[in-house]
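The next block holds one structure in the form of structure tokens; read it before the comments.
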Amino acid sequence: MNGKISELEEYAKINNIPIIQSDGINFIINEIKKRNIKNILEIGSAIGYSAIRMALAKDDINVVTIERDTIRYNEAINNINNFNLNTRIKVINIDAFDYIDSNKYDLIFIDAAKGQYIKFFEKFKHNLNDNGIIITDNLEFHGMVNNTDKIKNRNTKQLVKKIEKYILFLKDNKDFNTTFYSVGDGISISKKISS
């Protein structure tokens, strides 16, 4: 199984497909085990790497993962089939903002378009179980967050500013308690404050 994981990591590297860093996904897998998480909603499948890694954490985990890019969606389906996880991982080829879901999840993992993080959070927070958590990746964005003066590219600078805005949104959020971890590319865990 580890060999197949390494192949997937190598494929992503060669083809410049952004996947979560290994210490980031290992950190999330620890949280999944620690919190006994069973149902996961992932925003942004890419090639299915993180969905596969999360599903492999325990035999009773089910993942719904959303991917709008058809090429990535098809790659994710192939990779998930390759790991025989098609009964536990459901990939949906749709823009996350068009996706309607009334199910509740123990974990919502946001790892899609970084400029849309606030909108993703606001849209999907209603799908969270009372004791559930929302995990967001890429909050340090290769060390560029809080270092915008060093960024030359205008688009990158704008994207980093949006990530910084999201971090402030999490810090100021009255309904959620968020902890930030400098692991992988920067991860946050947000937990609903019980009323």
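Residues are referred to by chain and number: the chain letter is A, B, ... according to the order shown in the structure tokens, the number counts from 1 in that chain, and ligands are numbered separately from 1 in the order shown.
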Mind dumping a table of every stretch 60-179 of chain A residue within 7 Å of stretch 36-47 of chain A, with the nearest atom pair and its distance in Å to one decimal, using only C-alpha atoms, sorted by chain and rising number, as a tab-separated table?
residue	atom	partner	partner_atom	distance
A:Asp60	CA	A:Lys38	CA	6.2
A:Ile61	CA	A:Lys38	CA	4.4
A:Asn62	CA	A:Asn39	CA	5.1
A:Val63	CA	A:Ile40	CA	4.7
A:Val64	CA	A:Leu41	CA	4.9
A:Thr65	CA	A:Glu42	CA	4.5
A:Ile66	CA	A:Ile43	CA	5.2
A:Glu67	CA	A:Gly44	CA	5.1
A:Arg72	CA	A:Ala46	CA	5.2
A:Tyr73	CA	A:Ile47	CA	6.8
A:Glu75	CA	A:Ile47	CA	5.3
A:Ala76	CA	A:Ile47	CA	4.1
A:Ala96	CA	A:Ile43	CA	6.8
A:Tyr105	CA	A:Asn39	CA	5.1
A:Asp106	CA	A:Asn39	CA	5.4
A:Leu107	CA	A:Ile40	CA	4.8
A:Ile108	CA	A:Leu41	CA	4.8
A:Phe109	CA	A:Glu42	CA	4.6
A:Ile110	CA	A:Ile43	CA	5.0
A:Asp111	CA	A:Gly44	CA	5.5
A:Ala112	CA	A:Gly44	CA	4.4
For A:Leu128, please output as a ChimeraX atom specification all residues within 6 Å (counting only C-alpha atoms; exclusion window: fewer than 3 positions along the same chain).
/A:104-105,125,132
(request) Can you list, as JSON, numbers by chain, all residues belonging to stretch 15-195 of chain A that DSSP tags as strand (DSSP E or B)? (result) {"A": [39, 40, 41, 42, 43, 62, 63, 64, 65, 66, 67, 89, 90, 91, 92, 93, 105, 106, 107, 108, 109, 110, 128, 129, 130, 131, 132, 133, 134, 135, 136, 176, 177, 178, 179, 180, 181, 187, 188, 189, 190, 191, 192]}
Generate the output file for the selected residues, N, CA and C atoms, as a short mmCIF file (atom, residue, chain, number, x, y, z; two decimals), in the first residue's frame.
data_model
loop_
_atom_site.label_atom_id
_atom_site.label_comp_id
_atom_site.auth_asym_id
_atom_site.auth_seq_id
_atom_site.Cartn_x
_atom_site.Cartn_y
_atom_site.Cartn_z
N ASN A 39 -17.15 10.31 9.13
CA ASN A 39 -17.67 10.88 7.88
C ASN A 39 -16.95 12.18 7.55
N ILE A 40 -16.41 12.24 6.33
CA ILE A 40 -15.60 13.39 5.94
C ILE A 40 -16.16 13.98 4.64
N LEU A 41 -16.23 15.30 4.62
CA LEU A 41 -16.54 16.03 3.38
C LEU A 41 -15.28 16.81 3.01
N GLU A 42 -14.79 16.59 1.79
CA GLU A 42 -13.59 17.27 1.34
C GLU A 42 -13.95 18.20 0.17
N ILE A 43 -13.52 19.45 0.29
CA ILE A 43 -13.73 20.40 -0.79
C ILE A 43 -12.41 20.48 -1.58
N ASN A 62 -15.83 7.09 5.74
CA ASN A 62 -16.42 7.38 4.43
C ASN A 62 -16.13 8.82 4.07
N VAL A 63 -15.76 9.04 2.81
CA VAL A 63 -15.39 10.38 2.34
C VAL A 63 -16.26 10.76 1.15
N VAL A 64 -16.79 11.98 1.21
CA VAL A 64 -17.40 12.58 0.02
C VAL A 64 -16.46 13.71 -0.37
N THR A 65 -15.99 13.69 -1.62
CA THR A 65 -15.03 14.70 -2.05
C THR A 65 -15.52 15.36 -3.34
N ILE A 66 -15.38 16.68 -3.40
CA ILE A 66 -15.93 17.46 -4.51
C ILE A 66 -14.79 18.01 -5.38
N GLU A 67 -14.91 17.82 -6.68
CA GLU A 67 -13.89 18.32 -7.62
C GLU A 67 -14.58 18.86 -8.87
N ILE A 89 -15.23 6.06 -0.80
CA ILE A 89 -14.98 7.43 -1.24
C ILE A 89 -15.88 7.73 -2.44
N LYS A 90 -16.68 8.78 -2.29
CA LYS A 90 -17.56 9.20 -3.39
C LYS A 90 -17.04 10.53 -3.92
N VAL A 91 -16.69 10.55 -5.21
CA VAL A 91 -16.19 11.78 -5.83
C VAL A 91 -17.32 12.41 -6.63
N ILE A 92 -17.54 13.69 -6.42
CA ILE A 92 -18.60 14.39 -7.13
C ILE A 92 -17.99 15.47 -8.01
N ASN A 93 -18.31 15.41 -9.30
CA ASN A 93 -17.76 16.35 -10.29
C ASN A 93 -18.69 17.55 -10.42
N TYR A 105 -21.32 15.97 8.79
CA TYR A 105 -20.01 15.33 8.76
C TYR A 105 -19.23 15.61 10.04
N ASP A 106 -18.35 14.66 10.39
CA ASP A 106 -17.47 14.82 11.56
C ASP A 106 -16.30 15.74 11.22
N LEU A 107 -15.92 15.74 9.93
CA LEU A 107 -14.80 16.55 9.47
C LEU A 107 -15.11 17.13 8.11
N ILE A 108 -14.91 18.43 7.98
CA ILE A 108 -14.97 19.08 6.67
C ILE A 108 -13.56 19.58 6.40
N PHE A 109 -13.00 19.13 5.28
CA PHE A 109 -11.63 19.48 4.93
C PHE A 109 -11.64 20.42 3.73
N ILE A 110 -11.18 21.66 3.95
CA ILE A 110 -11.15 22.66 2.87
C ILE A 110 -9.73 22.73 2.29
N LEU A 128 -21.74 20.49 9.38
CA LEU A 128 -20.86 19.96 10.42
C LEU A 128 -21.67 19.40 11.59
N ASN A 129 -21.28 18.22 12.05
CA ASN A 129 -21.86 17.66 13.27
C ASN A 129 -21.53 18.57 14.44
N ASP A 130 -22.30 18.47 15.53
CA ASP A 130 -22.07 19.34 16.69
C ASP A 130 -20.65 19.25 17.23
N ASN A 131 -20.07 18.05 17.22
CA ASN A 131 -18.70 17.89 17.71
C ASN A 131 -17.68 17.85 16.59
N GLY A 132 -18.12 18.19 15.38
CA GLY A 132 -17.25 18.09 14.21
C GLY A 132 -16.22 19.21 14.14
N ILE A 133 -15.28 19.05 13.21
CA ILE A 133 -14.23 20.07 13.02
C ILE A 133 -14.10 20.41 11.53
N ILE A 134 -13.66 21.64 11.28
CA ILE A 134 -13.32 22.06 9.92
C ILE A 134 -11.80 22.25 9.89
N ILE A 135 -11.15 21.55 8.98
CA ILE A 135 -9.70 21.67 8.82
C ILE A 135 -9.42 22.39 7.50
N THR A 136 -8.53 23.37 7.55
CA THR A 136 -8.12 24.08 6.34
C THR A 136 -6.61 23.95 6.17
N PHE A 176 -16.93 29.76 16.14
CA PHE A 176 -15.94 28.70 16.07
C PHE A 176 -14.68 29.09 16.83
N ASN A 177 -14.08 28.08 17.43
CA ASN A 177 -12.80 28.26 18.11
C ASN A 177 -11.75 27.62 17.20
N THR A 178 -10.78 28.41 16.74
CA THR A 178 -9.80 27.89 15.78
C THR A 178 -8.39 27.87 16.36
N THR A 179 -7.71 26.76 16.13
CA THR A 179 -6.30 26.62 16.51
C THR A 179 -5.48 26.49 15.23
N PHE A 180 -4.35 27.18 15.19
CA PHE A 180 -3.48 27.17 14.01
C PHE A 180 -2.23 26.34 14.30
N TYR A 181 -1.85 25.55 13.33
CA TYR A 181 -0.68 24.67 13.47
C TYR A 181 0.30 24.93 12.33
N ILE A 187 -1.90 24.66 8.83
CA ILE A 187 -3.21 24.01 8.98
C ILE A 187 -3.97 24.66 10.14
N SER A 188 -5.29 24.77 9.97
CA SER A 188 -6.12 25.23 11.08
C SER A 188 -7.19 24.19 11.38
N ILE A 189 -7.55 24.11 12.65
CA ILE A 189 -8.68 23.26 13.06
C ILE A 189 -9.69 24.16 13.75
N SER A 190 -10.90 24.20 13.18
CA SER A 190 -11.97 25.03 13.75
C SER A 190 -13.05 24.14 14.31
N LYS A 191 -13.42 24.41 15.57
CA LYS A 191 -14.44 23.62 16.26
C LYS A 191 -15.56 24.55 16.70
N LYS A 192 -16.78 24.08 16.46
CA LYS A 192 -17.94 24.88 16.81
C LYS A 192 -18.00 25.10 18.31
#
| said: What's around A:Gln21 at 7 Å? Count only C-alpha atoms, leave out sequence neighbours fewer than 2 positions away in its own chain, and write the answer as a VMD selection string. | reply: chain A and resid 19 23 to 25 184 to 185
Would you give me, as a PyMOL selection string, the residues in stretch 4-191 of chain A that DSSP reads as helix (DSSP H, G or I)? chain A and resi 4-14+22-34+49-55+70-82+96-98+114-127+148-150+154-172
Closest of A:Lys165, A:Arg53, A:Lys174, A:Lys34 to A:Gly115 - atom-to-atom distances counting only C-alpha atoms =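 Using only C-alpha atoms, the shortest distance to A:Gly115 belongs to A:Lys165.
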